[in-house]
Amino acid sequence: MSDVLRDKPFTLAGRTYGSRLLVGTGKYKDLDETRRAIEASGAEIVTVAVRRTNIGQNPGEPNLLDVIPPDRYTILPNTAGCFDAAEAVRTCRLARELLDGHSLVKLEVLADQKTLFPNVIETLRAAETLVADGFDVMVYTSDDPIIARQLADMGCIAVMPLAGLIGTGLGICNPYNLRIILEEAKVPVLVDAGVGTASDATIAMELGCDGVLMNSAIAHAGDPVMMGAAMQHAIIAGRLAYLAGRMPKKLYASASSPLDGLVR
């Protein structure tokens with residue numbers, strides 16, 4: 001694993017992580033399956049939809065933090081279900097109160113219920129407010145390189161372009177846009193949305209992404225715990241392949257050893 005040791009650290013908001021896989025907590029059949037799948041994934045950052053998941057705002061109900069403890073995982077509150085900037089900002093401020101001043105958040109402002117595509121205008125508005133309010137903002141966005149650049153320039157600590165629509169499992173639909181974003185990146189770039197299986201995660205990492213966030217690909221698998229383990233290995237394999245550099249593509253095969261100097 002010497003190549004791993006030569007890799008640059010994966011750092012967010014001043015903290016370094018060993019895993020480049022970030023996972024969601026929704027869509028599992030129960031909290032025990034959630035716990036087991038996340039453990040199998042090796043993820044250290046776990047994102048939570050504050051508007052849909054109890055992390056203390058509903059006393060007496062099952063609390064996700066009882067099975068995903070903050071002393072073991074970095075909890076990443078997200079604004080899933082928000083459709084304008086005001087809603088998203090309010091949700092982040094609620095999360096900060098519930099998590100004792102926690103400033104790391106994942107911003108997503110959606111355009112509609114059908115596609116869950118980001119509303120970039122409202123996203124930019126919310127990001128500007130949250131950065132000014134002292135939040136460390138990781139932001140779900142479109143695959144528009146200009147918007148990604150603007151979000152980084154205004155102070156977001158990571159940009160998270162979609163690779164396909166949320167929950168579709170279509171895989172990496174936009175490798176060329178992602179490459180442009182990566183070429184210009186001043187902050188970490190993580191694929192968010194579209195991953196369906198392990199090979200999709202590997203491709204994202206081979207492109208040079210700093211990490212991948214996923215939920216449905218694990219939670220909706222036939223065996224979520226096994227898929228969590230598969231994703232852990234997929235992320236590692238893709239990162240190592242990116243660092244190693246792939247062989248050139250060629251139209252025809254060539255001998256693995258040179259022919260010059262052979263006795264004839």
# chains A, B, ... in the order shown; residues from 1 in each chain; ligands from 1
$ residues_around --residues "range 155-157 of chain A" --least-positions-apart "5" --cutoff "6 Å" --atoms "only C-alpha atoms" --output "list in words"
Val137, Met138 and Val187 of chain A
$ write_last_selection --atoms "N, CA, C and O atoms" --output "PDB file, in the first residue's frame"
ATOM      1  N   VAL A 137     -19.069  24.964   4.192  1.00  0.00           N
ATOM      2  CA  VAL A 137     -20.122  24.527   3.279  1.00  0.00           C
ATOM      3  C   VAL A 137     -19.579  23.607   2.194  1.00  0.00           C
ATOM      4  O   VAL A 137     -18.729  24.002   1.388  1.00  0.00           O
ATOM      5  N   MET A 138     -20.067  22.385   2.184  1.00  0.00           N
ATOM      6  CA  MET A 138     -19.900  21.472   1.055  1.00  0.00           C
ATOM      7  C   MET A 138     -21.195  21.562   0.248  1.00  0.00           C
ATOM      8  O   MET A 138     -22.277  21.464   0.812  1.00  0.00           O
ATOM      9  N   VAL A 187     -10.746  23.658  -4.639  1.00  0.00           N
ATOM     10  CA  VAL A 187     -11.196  22.968  -3.428  1.00  0.00           C
ATOM     11  C   VAL A 187     -11.486  21.524  -3.812  1.00  0.00           C
ATOM     12  O   VAL A 187     -11.582  21.190  -5.001  1.00  0.00           O
TER      13      VAL A 187
END
$ residues_around --residues "Val212 in chain A" --least-positions-apart "2" --cutoff "8 Å" --atoms "only C-alpha atoms" --output "short mmCIF file (atom, residue, chain, number, x, y, z; two decimals) with N, CA, C and O atoms, in the first residue's frame"
data_model
loop_
_atom_site.label_atom_id
_atom_site.label_comp_id
_atom_site.auth_asym_id
_atom_site.auth_seq_id
_atom_site.Cartn_x
_atom_site.Cartn_y
_atom_site.Cartn_z
N ARG A 20 -12.25 8.12 1.58
CA ARG A 20 -12.77 9.12 0.64
C ARG A 20 -14.21 8.80 0.24
O ARG A 20 -14.73 9.37 -0.72
N LEU A 21 -14.84 7.90 0.96
CA LEU A 21 -16.24 7.55 0.73
C LEU A 21 -17.09 8.21 1.80
O LEU A 21 -16.84 8.05 3.01
N LEU A 22 -18.10 8.97 1.38
CA LEU A 22 -19.07 9.58 2.28
C LEU A 22 -20.41 8.92 2.01
O LEU A 22 -20.77 8.69 0.85
N LEU A 190 -16.13 16.34 -5.11
CA LEU A 190 -16.68 15.03 -4.79
C LEU A 190 -17.91 14.79 -5.65
O LEU A 190 -18.78 15.66 -5.75
N VAL A 191 -17.99 13.63 -6.26
CA VAL A 191 -19.21 13.27 -6.99
C VAL A 191 -20.33 13.04 -5.98
O VAL A 191 -20.16 12.36 -4.97
N ASP A 192 -21.48 13.63 -6.28
CA ASP A 192 -22.65 13.48 -5.41
C ASP A 192 -23.85 13.18 -6.30
O ASP A 192 -24.28 14.03 -7.07
N ALA A 201 -18.37 4.14 -8.82
CA ALA A 201 -17.53 4.83 -7.85
C ALA A 201 -16.08 4.80 -8.27
O ALA A 201 -15.35 5.80 -8.13
N ALA A 204 -15.45 7.39 -11.01
CA ALA A 204 -15.38 8.75 -10.45
C ALA A 204 -14.01 9.02 -9.86
O ALA A 204 -13.43 10.10 -10.06
N MET A 205 -13.47 8.05 -9.15
CA MET A 205 -12.16 8.24 -8.54
C MET A 205 -11.05 8.24 -9.59
O MET A 205 -10.07 8.97 -9.47
N CYS A 209 -11.54 12.62 -8.94
CA CYS A 209 -12.35 13.19 -7.87
C CYS A 209 -11.72 12.90 -6.51
O CYS A 209 -11.07 11.86 -6.32
N ASP A 210 -11.93 13.80 -5.59
CA ASP A 210 -11.36 13.64 -4.25
C ASP A 210 -12.16 12.66 -3.40
O ASP A 210 -11.64 12.15 -2.40
N MET A 214 -22.57 8.86 -1.53
CA MET A 214 -23.66 8.03 -2.04
C MET A 214 -24.58 7.60 -0.92
O MET A 214 -24.19 7.54 0.24
N ILE A 235 -13.68 2.57 -4.03
CA ILE A 235 -13.09 3.90 -3.85
C ILE A 235 -11.57 3.79 -3.77
O ILE A 235 -10.82 4.56 -4.40
#
$ residues_around --residues "Lys186 in chain A" --least-positions-apart "5" --cutoff "9 Å" --atoms "only C-alpha atoms" --output "list in words"
Arg149, Ala152, Asp153 and Ala158 of chain A
$ select_by_dssp --residues "range 4-128 of chain A" --states "helix (DSSP H, G or I)" --output "number ranges by chain"
A: 4-6, 31-41, 64-66, 85-98, 120-128
$ residues_around --residues "Leu110 in chain A" --least-positions-apart "4" --cutoff "7 Å" --atoms "only C-alpha atoms" --output "PyMOL selection string"
chain A and resi 82-83+116-119
$ write_last_selection --atoms "N, CA, C and O atoms" --output "mmCIF file, in the first residue's frame"
data_model
loop_
_atom_site.group_PDB
_atom_site.id
_atom_site.type_symbol
_atom_site.label_atom_id
_atom_site.label_comp_id
_atom_site.auth_asym_id
_atom_site.auth_seq_id
_atom_site.Cartn_x
_atom_site.Cartn_y
_atom_site.Cartn_z
ATOM 1 N N CYS A 82 -35.069 20.856 0.854
ATOM 2 C CA CYS A 82 -35.206 22.309 0.811
ATOM 3 C C CYS A 82 -35.259 22.780 -0.642
ATOM 4 O O CYS A 82 -34.483 22.318 -1.479
ATOM 5 N N PHE A 83 -36.162 23.733 -0.912
ATOM 6 C CA PHE A 83 -36.367 24.192 -2.278
ATOM 7 C C PHE A 83 -36.135 25.695 -2.450
ATOM 8 O O PHE A 83 -36.389 26.234 -3.527
ATOM 9 N N LEU A 116 -35.019 16.283 -8.659
ATOM 10 C CA LEU A 116 -34.113 16.622 -7.550
ATOM 11 C C LEU A 116 -32.833 17.292 -8.064
ATOM 12 O O LEU A 116 -31.786 17.222 -7.427
ATOM 13 N N PHE A 117 -32.941 17.924 -9.228
ATOM 14 C CA PHE A 117 -31.826 18.667 -9.791
ATOM 15 C C PHE A 117 -31.605 19.920 -8.946
ATOM 16 O O PHE A 117 -32.548 20.483 -8.395
ATOM 17 N N PRO A 118 -30.369 20.379 -8.815
ATOM 18 C CA PRO A 118 -30.137 21.565 -7.989
ATOM 19 C C PRO A 118 -30.672 22.847 -8.621
ATOM 20 O O PRO A 118 -30.582 23.033 -9.838
ATOM 21 N N ASN A 119 -31.236 23.701 -7.786
ATOM 22 C CA ASN A 119 -31.588 25.056 -8.190
ATOM 23 C C ASN A 119 -30.351 25.909 -7.936
ATOM 24 O O ASN A 119 -30.078 26.297 -6.798
#
$ closest_residue --among "A:Thr141, A:Arg15, A:Asp136, A:Thr197" --to "Pro224 in chain A" --atoms "only C-alpha atoms"
A:Thr197
$ residues_around --residues "Ile45 in chain A" --least-positions-apart "4" --cutoff "12 Å" --atoms "only C-alpha atoms" --output "MDAnalysis selection string"
chainID A and resid 10:12 15:25 38:39 41 68:77 104:106 211:214
$ select_by_dssp --residues "range 96-144 of chain A" --states "strand (DSSP E)" --output "list in words"
Leu104, Val105, Lys106, Leu107, Asp136, Val137, Met138, Val139, Tyr140 and Thr141 of chain A
$ write_last_selection --atoms "N, CA, C and O atoms" --output "PDB file, in the first residue's frame"
ATOM      1  N   LEU A 104     -19.819  22.184   9.939  1.00  0.00           N
ATOM      2  CA  LEU A 104     -19.691  21.506   8.643  1.00  0.00           C
ATOM      3  C   LEU A 104     -21.077  21.064   8.170  1.00  0.00           C
ATOM      4  O   LEU A 104     -21.767  20.310   8.856  1.00  0.00           O
ATOM      5  N   VAL A 105     -21.479  21.534   6.982  1.00  0.00           N
ATOM      6  CA  VAL A 105     -22.797  21.191   6.444  1.00  0.00           C
ATOM      7  C   VAL A 105     -22.695  20.881   4.957  1.00  0.00           C
ATOM      8  O   VAL A 105     -21.773  21.326   4.268  1.00  0.00           O
ATOM      9  N   LYS A 106     -23.666  20.101   4.486  1.00  0.00           N
ATOM     10  CA  LYS A 106     -23.810  19.857   3.055  1.00  0.00           C
ATOM     11  C   LYS A 106     -25.054  20.607   2.579  1.00  0.00           C
ATOM     12  O   LYS A 106     -26.177  20.315   3.001  1.00  0.00           O
ATOM     13  N   LEU A 107     -24.829  21.584   1.715  1.00  0.00           N
ATOM     14  CA  LEU A 107     -25.916  22.399   1.189  1.00  0.00           C
ATOM     15  C   LEU A 107     -26.457  21.784  -0.087  1.00  0.00           C
ATOM     16  O   LEU A 107     -25.701  21.480  -1.012  1.00  0.00           O
ATOM     17  N   ASP A 136     -18.888  25.845   7.329  1.00  0.00           N
ATOM     18  CA  ASP A 136     -18.016  25.181   6.355  1.00  0.00           C
ATOM     19  C   ASP A 136     -18.932  24.437   5.392  1.00  0.00           C
ATOM     20  O   ASP A 136     -19.514  23.408   5.746  1.00  0.00           O
ATOM     21  N   VAL A 137     -19.069  24.964   4.192  1.00  0.00           N
ATOM     22  CA  VAL A 137     -20.122  24.527   3.279  1.00  0.00           C
ATOM     23  C   VAL A 137     -19.579  23.607   2.194  1.00  0.00           C
ATOM     24  O   VAL A 137     -18.729  24.002   1.388  1.00  0.00           O
ATOM     25  N   MET A 138     -20.067  22.385   2.184  1.00  0.00           N
ATOM     26  CA  MET A 138     -19.900  21.472   1.055  1.00  0.00           C
ATOM     27  C   MET A 138     -21.195  21.562   0.248  1.00  0.00           C
ATOM     28  O   MET A 138     -22.277  21.464   0.812  1.00  0.00           O
ATOM     29  N   VAL A 139     -21.084  21.737  -1.067  1.00  0.00           N
ATOM     30  CA  VAL A 139     -22.282  22.130  -1.802  1.00  0.00           C
ATOM     31  C   VAL A 139     -22.568  21.216  -2.990  1.00  0.00           C
ATOM     32  O   VAL A 139     -21.723  21.009  -3.860  1.00  0.00           O
ATOM     33  N   TYR A 140     -23.771  20.668  -2.996  1.00  0.00           N
ATOM     34  CA  TYR A 140     -24.306  19.900  -4.121  1.00  0.00           C
ATOM     35  C   TYR A 140     -24.677  20.864  -5.237  1.00  0.00           C
ATOM     36  O   TYR A 140     -25.376  21.856  -5.003  1.00  0.00           O
ATOM     37  N   THR A 141     -24.209  20.585  -6.440  1.00  0.00           N
ATOM     38  CA  THR A 141     -24.441  21.512  -7.534  1.00  0.00           C
ATOM     39  C   THR A 141     -24.562  20.765  -8.855  1.00  0.00           C
ATOM     40  O   THR A 141     -24.385  19.544  -8.919  1.00  0.00           O
TER      41      THR A 141
END
$ closest_residue --among "A:Tyr28, A:Gly194, A:Glu128, A:Gly134" --to "Ala13 in chain A" --atoms "only C-alpha atoms"
A:Gly134
$ residues_around --residues "Pro175 in chain A" --least-positions-apart "6" --cutoff "9 Å" --atoms "only C-alpha atoms" --output "list in words"
Ala163, Ile203, Ala204 and Leu207 of chain A
$ write_last_selection --atoms "all heavy atoms" --output "compact mmCIF listing (two decimals), in the first residue's frame"
# COMPACT_ATOMS: atom_id res chain seq x y z
N ALA A 163 -23.27 13.38 -10.83
CA ALA A 163 -22.82 12.58 -11.97
C ALA A 163 -24.01 12.01 -12.73
O ALA A 163 -23.88 11.54 -13.85
CB ALA A 163 -21.92 11.44 -11.50
N ILE A 203 -14.90 4.66 -11.35
CA ILE A 203 -14.71 5.58 -12.47
C ILE A 203 -14.60 7.02 -11.96
O ILE A 203 -13.74 7.79 -12.42
CB ILE A 203 -15.86 5.45 -13.47
CG1 ILE A 203 -15.77 4.10 -14.20
CG2 ILE A 203 -15.86 6.59 -14.48
CD1 ILE A 203 -16.99 3.76 -15.03
N ALA A 204 -15.45 7.39 -11.01
CA ALA A 204 -15.38 8.75 -10.45
C ALA A 204 -14.01 9.02 -9.86
O ALA A 204 -13.43 10.10 -10.06
CB ALA A 204 -16.47 8.93 -9.40
N LEU A 207 -11.24 9.45 -12.48
CA LEU A 207 -11.25 10.76 -13.11
C LEU A 207 -10.44 11.78 -12.31
O LEU A 207 -10.05 12.82 -12.85
CB LEU A 207 -12.69 11.27 -13.26
CG LEU A 207 -13.55 10.60 -14.33
CD1 LEU A 207 -15.00 11.04 -14.19
CD2 LEU A 207 -13.03 10.95 -15.72
$ atom_distance --atom1 "CA of Arg96 in chain A" --atom2 "CA of Leu130 in chain A"
11.5 Å
$ closest_residue --among "A:Lys8, A:Arg179, A:Lys114, A:His233" --to "Ala43 in chain A" --atoms "only C-alpha atoms"
A:His233
$ closest_residue --among "A:Ala80, A:Ile172, A:Met160, A:Ile180" --to "Gly26 in chain A" --atoms "only C-alpha atoms"
A:Ala80
$ closest_residue --among "A:Gly238, A:Gly101, A:Gly196, A:Pro145" --to "Gly164 in chain A" --atoms "only C-alpha atoms"
A:Gly196
$ closest_residue --among "A:Ile121, A:Pro62, A:Ala217, A:Glu87" --to "Met231 in chain A" --atoms "only C-alpha atoms"
A:Ala217
